[in-house]
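J.: Have a peek at work.cif (mmCIF, C-alpha atoms).
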```
data_upload
loop_
_atom_site.group_PDB
_atom_site.id
_atom_site.type_symbol
_atom_site.label_atom_id
_atom_site.label_comp_id
_atom_site.auth_asym_id
_atom_site.auth_seq_id
_atom_site.Cartn_x
_atom_site.Cartn_y
_atom_site.Cartn_z
ATOM 1 C CA MET A 1 25.750 -3.080 -3.059
ATOM 2 C CA ASN A 2 24.962 -4.341 0.416
ATOM 3 C CA ASP A 3 24.441 -1.280 2.603
ATOM 4 C CA THR A 4 25.474 -2.969 5.821
ATOM 5 C CA THR A 5 28.699 -4.392 4.432
ATOM 6 C CA SER A 6 29.713 -1.150 2.806
ATOM 7 C CA ASP A 7 28.701 0.708 5.977
ATOM 8 C CA GLU A 8 31.417 -0.853 8.110
ATOM 9 C CA ASN A 9 34.187 0.623 6.074
ATOM 10 C CA LEU A 10 32.316 3.864 5.524
ATOM 11 C CA VAL A 11 31.743 4.507 9.229
ATOM 12 C CA GLU A 12 35.398 3.858 9.940
ATOM 13 C CA ARG A 13 36.413 6.366 7.278
ATOM 14 C CA LEU A 14 33.847 8.904 8.469
ATOM 15 C CA ARG A 15 35.194 8.730 11.991
ATOM 16 C CA ALA A 16 38.707 9.155 10.664
ATOM 17 C CA GLY A 17 37.711 12.472 9.075
ATOM 18 C CA ASP A 18 37.701 11.268 5.476
ATOM 19 C CA ASP A 19 36.139 14.065 3.362
ATOM 20 C CA ASP A 20 35.490 11.750 0.438
ATOM 21 C CA ALA A 21 33.585 9.359 2.657
ATOM 22 C CA PHE A 22 31.323 12.128 3.911
ATOM 23 C CA ALA A 23 30.801 13.482 0.382
ATOM 24 C CA SER A 24 29.874 9.969 -0.712
ATOM 25 C CA LEU A 25 27.409 9.669 2.184
ATOM 26 C CA ILE A 26 25.751 12.912 1.092
ATOM 27 C CA ASP A 27 25.575 11.808 -2.526
ATOM 28 C CA ARG A 28 24.183 8.425 -1.593
ATOM 29 C CA HIS A 29 21.419 9.538 0.754
ATOM 30 C CA HIS A 30 20.578 13.196 0.301
ATOM 31 C CA ARG A 31 17.825 12.828 -2.305
ATOM 32 C CA SER A 32 16.212 9.962 -0.398
ATOM 33 C CA MET A 33 16.227 12.111 2.721
ATOM 34 C CA VAL A 34 14.559 15.018 0.932
ATOM 35 C CA ARG A 35 11.916 12.664 -0.434
ATOM 36 C CA LEU A 36 11.282 11.217 3.018
ATOM 37 C CA ALA A 37 11.130 14.679 4.595
ATOM 38 C CA SER A 38 8.663 15.698 1.882
ATOM 39 C CA VAL A 39 6.246 13.108 3.232
ATOM 40 C CA PHE A 40 5.923 15.175 6.391
ATOM 41 C CA VAL A 41 5.888 18.659 4.865
ATOM 42 C CA ALA A 42 4.280 20.137 1.800
ATOM 43 C CA ASP A 43 7.009 22.689 1.333
ATOM 44 C CA GLU A 44 10.203 21.551 -0.442
ATOM 45 C CA ASP A 45 12.284 24.319 1.180
ATOM 46 C CA LEU A 46 11.232 23.143 4.612
ATOM 47 C CA ALA A 47 12.043 19.557 3.632
ATOM 48 C CA GLU A 48 15.545 20.705 2.624
ATOM 49 C CA GLU A 49 15.848 22.592 5.913
ATOM 50 C CA ILE A 50 15.000 19.478 7.924
ATOM 51 C CA VAL A 51 17.478 17.459 5.883
ATOM 52 C CA GLN A 52 20.193 20.036 6.489
ATOM 53 C CA GLU A 53 19.517 19.882 10.247
ATOM 54 C CA THR A 54 19.692 16.114 9.996
ATOM 55 C CA TRP A 55 23.089 16.226 8.305
ATOM 56 C CA LEU A 56 24.438 18.459 11.063
ATOM 57 C CA ALA A 57 23.097 16.027 13.656
ATOM 58 C CA VAL A 58 24.773 13.170 11.745
ATOM 59 C CA ILE A 59 28.102 15.021 11.792
ATOM 60 C CA ASN A 60 27.822 15.689 15.505
ATOM 61 C CA GLY A 61 26.541 12.212 16.320
ATOM 62 C CA LEU A 62 28.959 10.034 14.358
ATOM 63 C CA ASP A 63 30.975 9.129 17.424
ATOM 64 C CA ASP A 64 27.815 8.060 19.219
ATOM 65 C CA PHE A 65 26.513 5.901 16.355
ATOM 66 C CA GLU A 66 26.498 2.405 17.824
ATOM 67 C CA GLU A 67 26.136 0.575 14.488
ATOM 68 C CA ARG A 68 23.161 -1.444 15.705
ATOM 69 C CA SER A 69 21.442 -0.470 12.465
ATOM 70 C CA SER A 70 22.666 0.478 9.011
ATOM 71 C CA ILE A 71 23.877 4.040 8.737
ATOM 72 C CA LYS A 72 20.974 4.752 6.386
ATOM 73 C CA THR A 73 18.431 3.624 8.986
ATOM 74 C CA TRP A 74 20.206 5.690 11.631
ATOM 75 C CA ILE A 75 20.148 8.790 9.410
ATOM 76 C CA PHE A 76 16.475 8.281 8.502
ATOM 77 C CA ALA A 77 15.591 7.892 12.189
ATOM 78 C CA ILE A 78 17.326 11.192 12.981
ATOM 79 C CA LEU A 79 15.409 12.793 10.136
ATOM 80 C CA THR A 80 11.993 11.608 11.275
ATOM 81 C CA ASN A 81 12.836 12.714 14.817
ATOM 82 C CA LYS A 82 13.670 16.166 13.511
ATOM 83 C CA ALA A 83 10.437 16.195 11.505
ATOM 84 C CA ARG A 84 8.426 15.115 14.531
ATOM 85 C CA LYS A 85 9.950 17.827 16.727
ATOM 86 C CA ARG A 86 9.444 20.463 14.057
ATOM 87 C CA GLY A 87 5.819 19.397 13.730
ATOM 88 C CA LYS A 88 5.173 20.533 17.269
ATOM 89 C CA ARG A 89 6.322 24.096 16.663
ATOM 90 C CA ASP A 90 6.047 24.796 12.938
ATOM 91 C CA ALA A 91 2.693 25.510 11.323
ATOM 92 C CA ARG A 92 4.059 24.464 7.925
ATOM 93 C CA MET A 93 4.447 20.896 9.181
ATOM 94 C CA LYS A 94 1.774 18.244 9.267
ATOM 95 C CA PRO A 95 1.301 17.334 12.960
ATOM 96 C CA TRP A 96 2.820 13.899 13.542
ATOM 97 C CA SER A 97 -0.373 12.756 15.246
ATOM 98 C CA SER A 98 -2.364 13.509 12.110
ATOM 99 C CA ILE A 99 0.025 11.396 10.049
ATOM 100 C CA PHE A 100 0.348 8.230 12.087
ATOM 101 C CA GLU A 101 -1.659 8.081 15.242
ATOM 102 C CA SER A 102 -5.060 7.850 13.588
ATOM 103 C CA SER A 103 -3.993 6.309 10.310
ATOM 104 C CA ILE A 104 -5.167 2.744 10.844
ATOM 105 C CA ASP A 105 -8.855 3.317 11.344
ATOM 106 C CA GLU A 106 -9.293 5.914 8.666
ATOM 107 C CA GLU A 107 -10.182 3.601 5.864
ATOM 108 C CA VAL A 108 -11.161 0.118 4.942
ATOM 109 C CA THR A 109 -8.455 -1.937 3.273
ATOM 110 C CA PRO A 110 -9.180 -1.796 -0.438
ATOM 111 C CA ASN A 111 -9.824 -5.051 -2.250
ATOM 112 C CA ALA A 112 -9.261 -7.049 0.907
ATOM 113 C CA ASP A 113 -10.637 -10.179 -0.762
ATOM 114 C CA ARG A 114 -7.692 -10.197 -3.137
ATOM 115 C CA PHE A 115 -5.315 -11.045 -0.280
ATOM 116 C CA ASP A 116 -4.902 -13.936 2.095
ATOM 117 C CA SER A 117 -4.405 -13.651 5.855
ATOM 118 C CA ARG A 118 -0.671 -13.077 5.417
ATOM 119 C CA GLY A 119 -1.245 -10.144 3.097
ATOM 120 C CA GLN A 120 -0.122 -12.081 0.018
ATOM 121 C CA TRP A 121 -2.129 -12.024 -3.214
ATOM 122 C CA ALA A 122 -4.882 -14.658 -3.060
ATOM 123 C CA LYS A 123 -5.131 -14.505 -6.820
ATOM 124 C CA PRO A 124 -2.116 -12.829 -8.406
ATOM 125 C CA PRO A 125 -2.942 -10.228 -11.048
ATOM 126 C CA ALA A 126 -1.747 -10.751 -14.593
ATOM 127 C CA ALA A 127 1.973 -10.161 -15.072
ATOM 128 C CA TRP A 128 2.705 -6.995 -16.981
ATOM 129 C CA SER A 129 6.319 -7.146 -17.913
ATOM 130 C CA VAL A 130 9.171 -8.856 -19.570
ATOM 131 C CA GLY A 131 8.727 -8.705 -23.331
ATOM 132 C CA PRO A 132 10.982 -6.391 -25.339
ATOM 133 C CA GLU A 133 8.077 -4.133 -26.261
ATOM 134 C CA GLU A 134 7.073 -3.815 -22.650
ATOM 135 C CA ARG A 135 10.591 -2.880 -21.770
ATOM 136 C CA LEU A 136 10.247 0.159 -23.983
ATOM 137 C CA MET A 137 7.409 1.217 -21.726
ATOM 138 C CA ARG A 138 9.442 0.640 -18.598
ATOM 139 C CA ASP A 139 10.305 4.280 -18.002
ATOM 140 C CA ASP A 140 6.663 5.282 -18.279
ATOM 141 C CA LEU A 141 5.687 2.441 -15.994
ATOM 142 C CA LEU A 142 8.209 3.552 -13.382
ATOM 143 C CA LYS A 143 6.827 7.079 -13.634
ATOM 144 C CA ALA A 144 3.301 5.728 -13.101
ATOM 145 C CA ILE A 145 4.463 3.782 -10.044
ATOM 146 C CA LYS A 146 6.271 6.798 -8.657
ATOM 147 C CA SER A 147 3.241 8.985 -9.188
ATOM 148 C CA ALA A 148 1.048 6.403 -7.442
ATOM 149 C CA ILE A 149 3.427 6.341 -4.472
ATOM 150 C CA GLU A 150 3.450 10.142 -4.300
ATOM 151 C CA SER A 151 -0.370 10.136 -4.264
ATOM 152 C CA LEU A 152 -0.602 7.900 -1.198
ATOM 153 C CA PRO A 153 -1.631 9.338 2.173
ATOM 154 C CA ALA A 154 1.467 10.423 4.118
ATOM 155 C CA SER A 155 1.518 7.463 6.509
ATOM 156 C CA GLN A 156 1.283 4.885 3.695
ATOM 157 C CA ARG A 157 3.755 6.812 1.557
ATOM 158 C CA ALA A 158 6.302 6.885 4.378
ATOM 159 C CA VAL A 159 6.044 3.133 4.934
ATOM 160 C CA VAL A 160 6.007 2.195 1.236
ATOM 161 C CA ARG A 161 8.983 4.474 0.576
ATOM 162 C CA LEU A 162 11.030 3.009 3.405
ATOM 163 C CA ARG A 163 10.099 -0.621 2.736
ATOM 164 C CA ASP A 164 9.838 -0.837 -1.039
ATOM 165 C CA VAL A 165 11.821 2.083 -2.395
ATOM 166 C CA GLU A 166 14.607 2.290 0.186
ATOM 167 C CA GLY A 167 14.649 -1.411 0.991
ATOM 168 C CA LEU A 168 14.445 -1.138 4.789
ATOM 169 C CA SER A 169 13.199 -4.128 6.768
ATOM 170 C CA ALA A 170 9.910 -4.064 8.676
ATOM 171 C CA ALA A 171 11.762 -3.647 11.978
ATOM 172 C CA GLU A 172 13.906 -0.827 10.627
ATOM 173 C CA THR A 173 10.816 0.926 9.275
ATOM 174 C CA CYS A 174 9.091 0.663 12.657
ATOM 175 C CA ASP A 175 12.185 2.106 14.339
ATOM 176 C CA VAL A 176 12.489 4.979 11.895
ATOM 177 C CA LEU A 177 8.818 5.969 12.080
ATOM 178 C CA ASP A 178 8.275 4.914 15.689
ATOM 179 C CA ILE A 179 5.200 2.865 14.806
ATOM 180 C CA SER A 180 4.112 -0.629 15.799
ATOM 181 C CA ASP A 181 4.690 -3.621 13.547
ATOM 182 C CA GLY A 182 0.931 -4.045 13.151
ATOM 183 C CA ASN A 183 0.549 -0.451 12.052
ATOM 184 C CA GLN A 184 3.468 -0.822 9.657
ATOM 185 C CA ARG A 185 1.969 -3.953 8.078
ATOM 186 C CA VAL A 186 -1.439 -2.397 7.541
ATOM 187 C CA LEU A 187 -0.005 0.788 6.070
ATOM 188 C CA LEU A 188 2.319 -1.156 3.769
ATOM 189 C CA HIS A 189 -0.488 -3.413 2.633
ATOM 190 C CA ARG A 190 -2.875 -0.560 1.888
ATOM 191 C CA GLY A 191 -0.192 1.433 0.144
ATOM 192 C CA ARG A 192 0.881 -1.488 -2.037
ATOM 193 C CA VAL A 193 -2.703 -2.259 -3.005
ATOM 194 C CA LYS A 194 -3.251 1.316 -4.130
ATOM 195 C CA VAL A 195 -0.015 1.387 -6.080
ATOM 196 C CA ARG A 196 -0.893 -1.926 -7.675
ATOM 197 C CA GLU A 197 -4.316 -0.657 -8.671
ATOM 198 C CA ALA A 198 -2.838 2.500 -10.169
ATOM 199 C CA VAL A 199 -0.370 0.422 -12.158
ATOM 200 C CA GLU A 200 -3.086 -1.931 -13.380
ATOM 201 C CA GLN A 201 -5.117 1.065 -14.446
ATOM 202 C CA TYR A 202 -2.101 2.460 -16.268
ATOM 203 C CA MET A 203 -1.552 -0.878 -18.003
ATOM 204 C CA GLU A 204 -5.184 -1.034 -19.112
ATOM 205 C CA GLN A 205 -4.993 2.453 -20.547
ATOM 206 C CA THR A 206 -1.829 1.748 -22.489
ATOM 207 C CA SER A 207 -2.715 -1.753 -23.756
ATOM 208 C CA MET B 1 3.560 -8.574 -5.678
ATOM 209 C CA SER B 2 7.308 -9.155 -5.714
ATOM 210 C CA GLU B 3 7.487 -7.874 -9.278
ATOM 211 C CA LEU B 4 5.835 -4.638 -8.237
ATOM 212 C CA VAL B 5 8.066 -4.310 -5.187
ATOM 213 C CA GLU B 6 11.093 -4.833 -7.387
ATOM 214 C CA LEU B 7 9.928 -2.044 -9.681
ATOM 215 C CA MET B 8 9.207 0.231 -6.739
ATOM 216 C CA GLY B 9 12.853 -0.087 -5.775
ATOM 217 C CA GLU B 10 13.776 1.485 -9.096
ATOM 218 C CA VAL B 11 11.495 4.518 -9.139
ATOM 219 C CA ASP B 12 14.140 6.895 -7.862
ATOM 220 C CA ALA B 13 16.971 5.573 -10.015
ATOM 221 C CA ASP B 14 16.919 8.531 -12.394
ATOM 222 C CA ASP B 15 16.243 11.092 -9.714
ATOM 223 C CA GLU B 16 19.759 11.828 -8.637
ATOM 224 C CA ALA B 17 19.634 15.617 -8.518
ATOM 225 C CA PRO B 18 22.638 16.545 -6.399
ATOM 226 C CA MET B 19 22.584 18.701 -3.327
ATOM 227 C CA ASN B 20 22.968 22.402 -3.948
ATOM 228 C CA PRO B 21 26.805 22.897 -4.232
ATOM 229 C CA GLU B 22 26.863 25.733 -1.704
ATOM 230 C CA GLN B 23 24.914 23.684 0.810
ATOM 231 C CA ARG B 24 27.172 20.687 0.134
ATOM 232 C CA GLU B 25 30.295 22.764 0.748
ATOM 233 C CA GLN B 26 28.855 24.111 4.017
ATOM 234 C CA LEU B 27 28.224 20.596 5.212
ATOM 235 C CA LEU B 28 31.691 19.456 4.235
ATOM 236 C CA GLU B 29 33.102 22.443 6.157
ATOM 237 C CA ALA B 30 31.017 21.487 9.192
ATOM 238 C CA TYR B 31 32.258 17.908 8.873
ATOM 239 C CA ARG B 32 35.893 19.042 8.629
ATOM 240 C CA ALA B 33 35.456 21.293 11.648
ATOM 241 C CA ALA B 34 33.913 18.474 13.671
ATOM 242 C CA SER B 35 36.552 15.962 12.563
ATOM 243 C CA GLY B 36 39.541 18.243 13.113
ATOM 244 C CA PRO B 37 41.918 17.918 16.040
ATOM 245 C CA GLU B 38 40.328 18.958 19.294
ATOM 246 C CA ASP B 39 41.616 22.094 21.027
ATOM 247 C CA THR B 40 43.840 21.368 23.963
#
```
Would you write the structure of this file as structure tokens?

T.:
Amino acid sequence: MNDTTSDENLVERLRAGDDDAFASLIDRHHRSMVRLASVFVADEDLAEEIVQETWLAVINGLDDFEERSSIKTWIFAILTNKARKRGKRDARMKPWSSIFESSIDEEVTPNADRFDSRGQWAKPPAAWSVGPEERLMRDDLLKAIKSAIESLPASQRAVVRLRDVEGLSAAETCDVLDISDGNQRVLLHRGRVKVREAVEQYMEQTS
Amino acid sequence: MSELVELMGEVDADDEAPMNPEQREQLLEAYRAASGPEDT
């Protein structure tokens, strides 16, 4: 389903006080929100707390939503704002500055020679999928990918989640996380490389 | 890379644990209260 197209009708219904529309919004985005909040906090209860605060802000802000972004992007931006503000006053939170502000210089891009200047694979790795037997391994492969994403440093995990798992654009991701496009590109690139390596390792072990 | 990105978009497909029902009901109540007719 196209989020933006379905959004138009959804926002209209939400503003009209349609319970089912709000319930559907919760069902569609709640888990993603908890997973995003979990990037910024180690504690699942605190992640749920931030998400709950976000939902209340969504309820109170619906009339002010200008529809310049998808409703998902708007909700995620509220969530990261809440997380950022909480980080300043809650010891259970990772300080925002420790997540993003120093993230670029912390490490060298792994396997940089495998990519061209646009960040595309210079020499694509061997394909790992498609046959019927491989399909049987699909669930395990998805688990390996998920585990690799969860193991990424917070800044890379946030960007990879928003771009590759949630399907946000680069611009939307920058808006949600309040980071520059350059920062976003580097974090995405590094995160993808690590996920790719983890998946290749998994494939080697299972072949 | 596109194959990997495609797969990454599916990692949460089976992770659809719903919101705690009590919490969900509280939010729906808050939504109803906010959407109800304004006091005059």

J.: Pick out the chain A residues within 7 Å of chain B. Count only C-alpha atoms. Give them as a tab-separated table (two decimals) with C-alpha atoms, keeping the file's coordinate frame.

T.:
```
chain	number	residue	atom	x	y	z
A	17	GLY	CA	37.71	12.47	9.07
A	27	ASP	CA	25.58	11.81	-2.53
A	30	HIS	CA	20.58	13.20	0.30
A	31	ARG	CA	17.82	12.83	-2.31
A	59	ILE	CA	28.10	15.02	11.79
A	60	ASN	CA	27.82	15.69	15.50
A	142	LEU	CA	8.21	3.55	-13.38
A	143	LYS	CA	6.83	7.08	-13.63
A	145	ILE	CA	4.46	3.78	-10.04
A	146	LYS	CA	6.27	6.80	-8.66
A	164	ASP	CA	9.84	-0.84	-1.04
A	165	VAL	CA	11.82	2.08	-2.40
A	166	GLU	CA	14.61	2.29	0.19
```

J.: For a quick check of understanding, using all atoms listed in the file, which of A:Ala77, A:Ala148, A:Ala154, A:Ala198 has the smallest distance to Glu172 (chain A)?

T.: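 Comparing A:Ala77, A:Ala148, A:Ala154, A:Ala198 against Glu172 (chain A), the winner is A:Ala77.
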
J.: Hey, what's within 10 Å of Asp63 (chain A) if we count only C-alpha atoms and toss same-chain stuff fewer than 4 positions away? As a VMD selection string, please?

T.: chain A and resid 11 14 to 15 58 to 59

J.: Would you put the residues from that selection into a file with C-alpha atoms, as a PDB file, keeping the file's coordinate frame?

T.:
```
ATOM      1  CA  VAL A  11      31.743   4.507   9.229  1.00  0.00           C
ATOM      2  CA  LEU A  14      33.847   8.904   8.469  1.00  0.00           C
ATOM      3  CA  ARG A  15      35.194   8.730  11.991  1.00  0.00           C
ATOM      4  CA  VAL A  58      24.773  13.170  11.745  1.00  0.00           C
ATOM      5  CA  ILE A  59      28.102  15.021  11.792  1.00  0.00           C
TER       6      ILE A  59
END
```

J.: CA of Gln156 (chain A) and CA of Ile78 (chain A) are how many Å apart?

T.: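 Atom-to-atom, CA of Gln156 (chain A) and CA of Ile78 (chain A) are spaced 19.6 Å apart.
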
J.: As a check of understanding, name the residues that the PyMOL selection byres ((chain A and resi 37) around 10) selects in the supplied structure, as a list in words.

T.: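 Selected by the PyMOL selection byres ((chain A and resi 37) around 10) here: Arg31, Ser32, Met33, Val34, Arg35, Leu36, Ser38, Val39, Phe40, Val41, Ala42, Asp43, Glu44, Leu46, Ala47, Glu48, Glu49, Ile50, Val51, Phe76, Leu79, Thr80, Lys82, Ala83 and Ala158 of chain A.
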
J.: Show me, as a PyMOL selection string, the residues that have an atom within 12 Å of Lys194 (chain A) when counting only C-alpha atoms, minus same-chain residues fewer than 6 positions from it.

T.: (chain A and resi 109-112+144-153+156-157+160+187-188+200-201) or (chain B and resi 4)

J.: For CA of Gln184 (chain A) and CA of Arg138 (chain A), quote the distance in Å rounded to one decimal.

T.: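 That distance, rounded to one decimal, is 28.9 Å.
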
J.: Applying 12 Å and all atoms listed in the file, which residues near Ser70 (chain A) remain after dropping the ones on its own chain fewer than 4 positions away? List them as an MDAnalysis selection string.

T.: chainID A and resid 2:11 65:66 74:77 167:169 172:173 175:176

J.: Just to confirm, what's the straight-line distance from CA of Ile179 (chain A) to CA of Gln52 (chain A) in Å (one decimal)?

T.: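 That distance, rounded to one decimal, is 24.3 Å.
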
J.: Using the file's own x, y and z axes, what box holds all listed atoms of region 188-193 of chain A with 5 Å on each side, keeping edges along x, y and z, and what are its centre and edge lengths in Å to one decimal, as lines of an AutoDock Vina configuration file?

T.:
```
center_x = -0.3
center_y = -1.0
center_z = 0.4
size_x = 15.2
size_y = 14.8
size_z = 16.8
```

J.: Nearest to Thr73 (chain A): which of A:Val193, A:Val186, A:Val199, A:Cys174 is it, counting all atoms listed in the file?

T.: A:Cys174
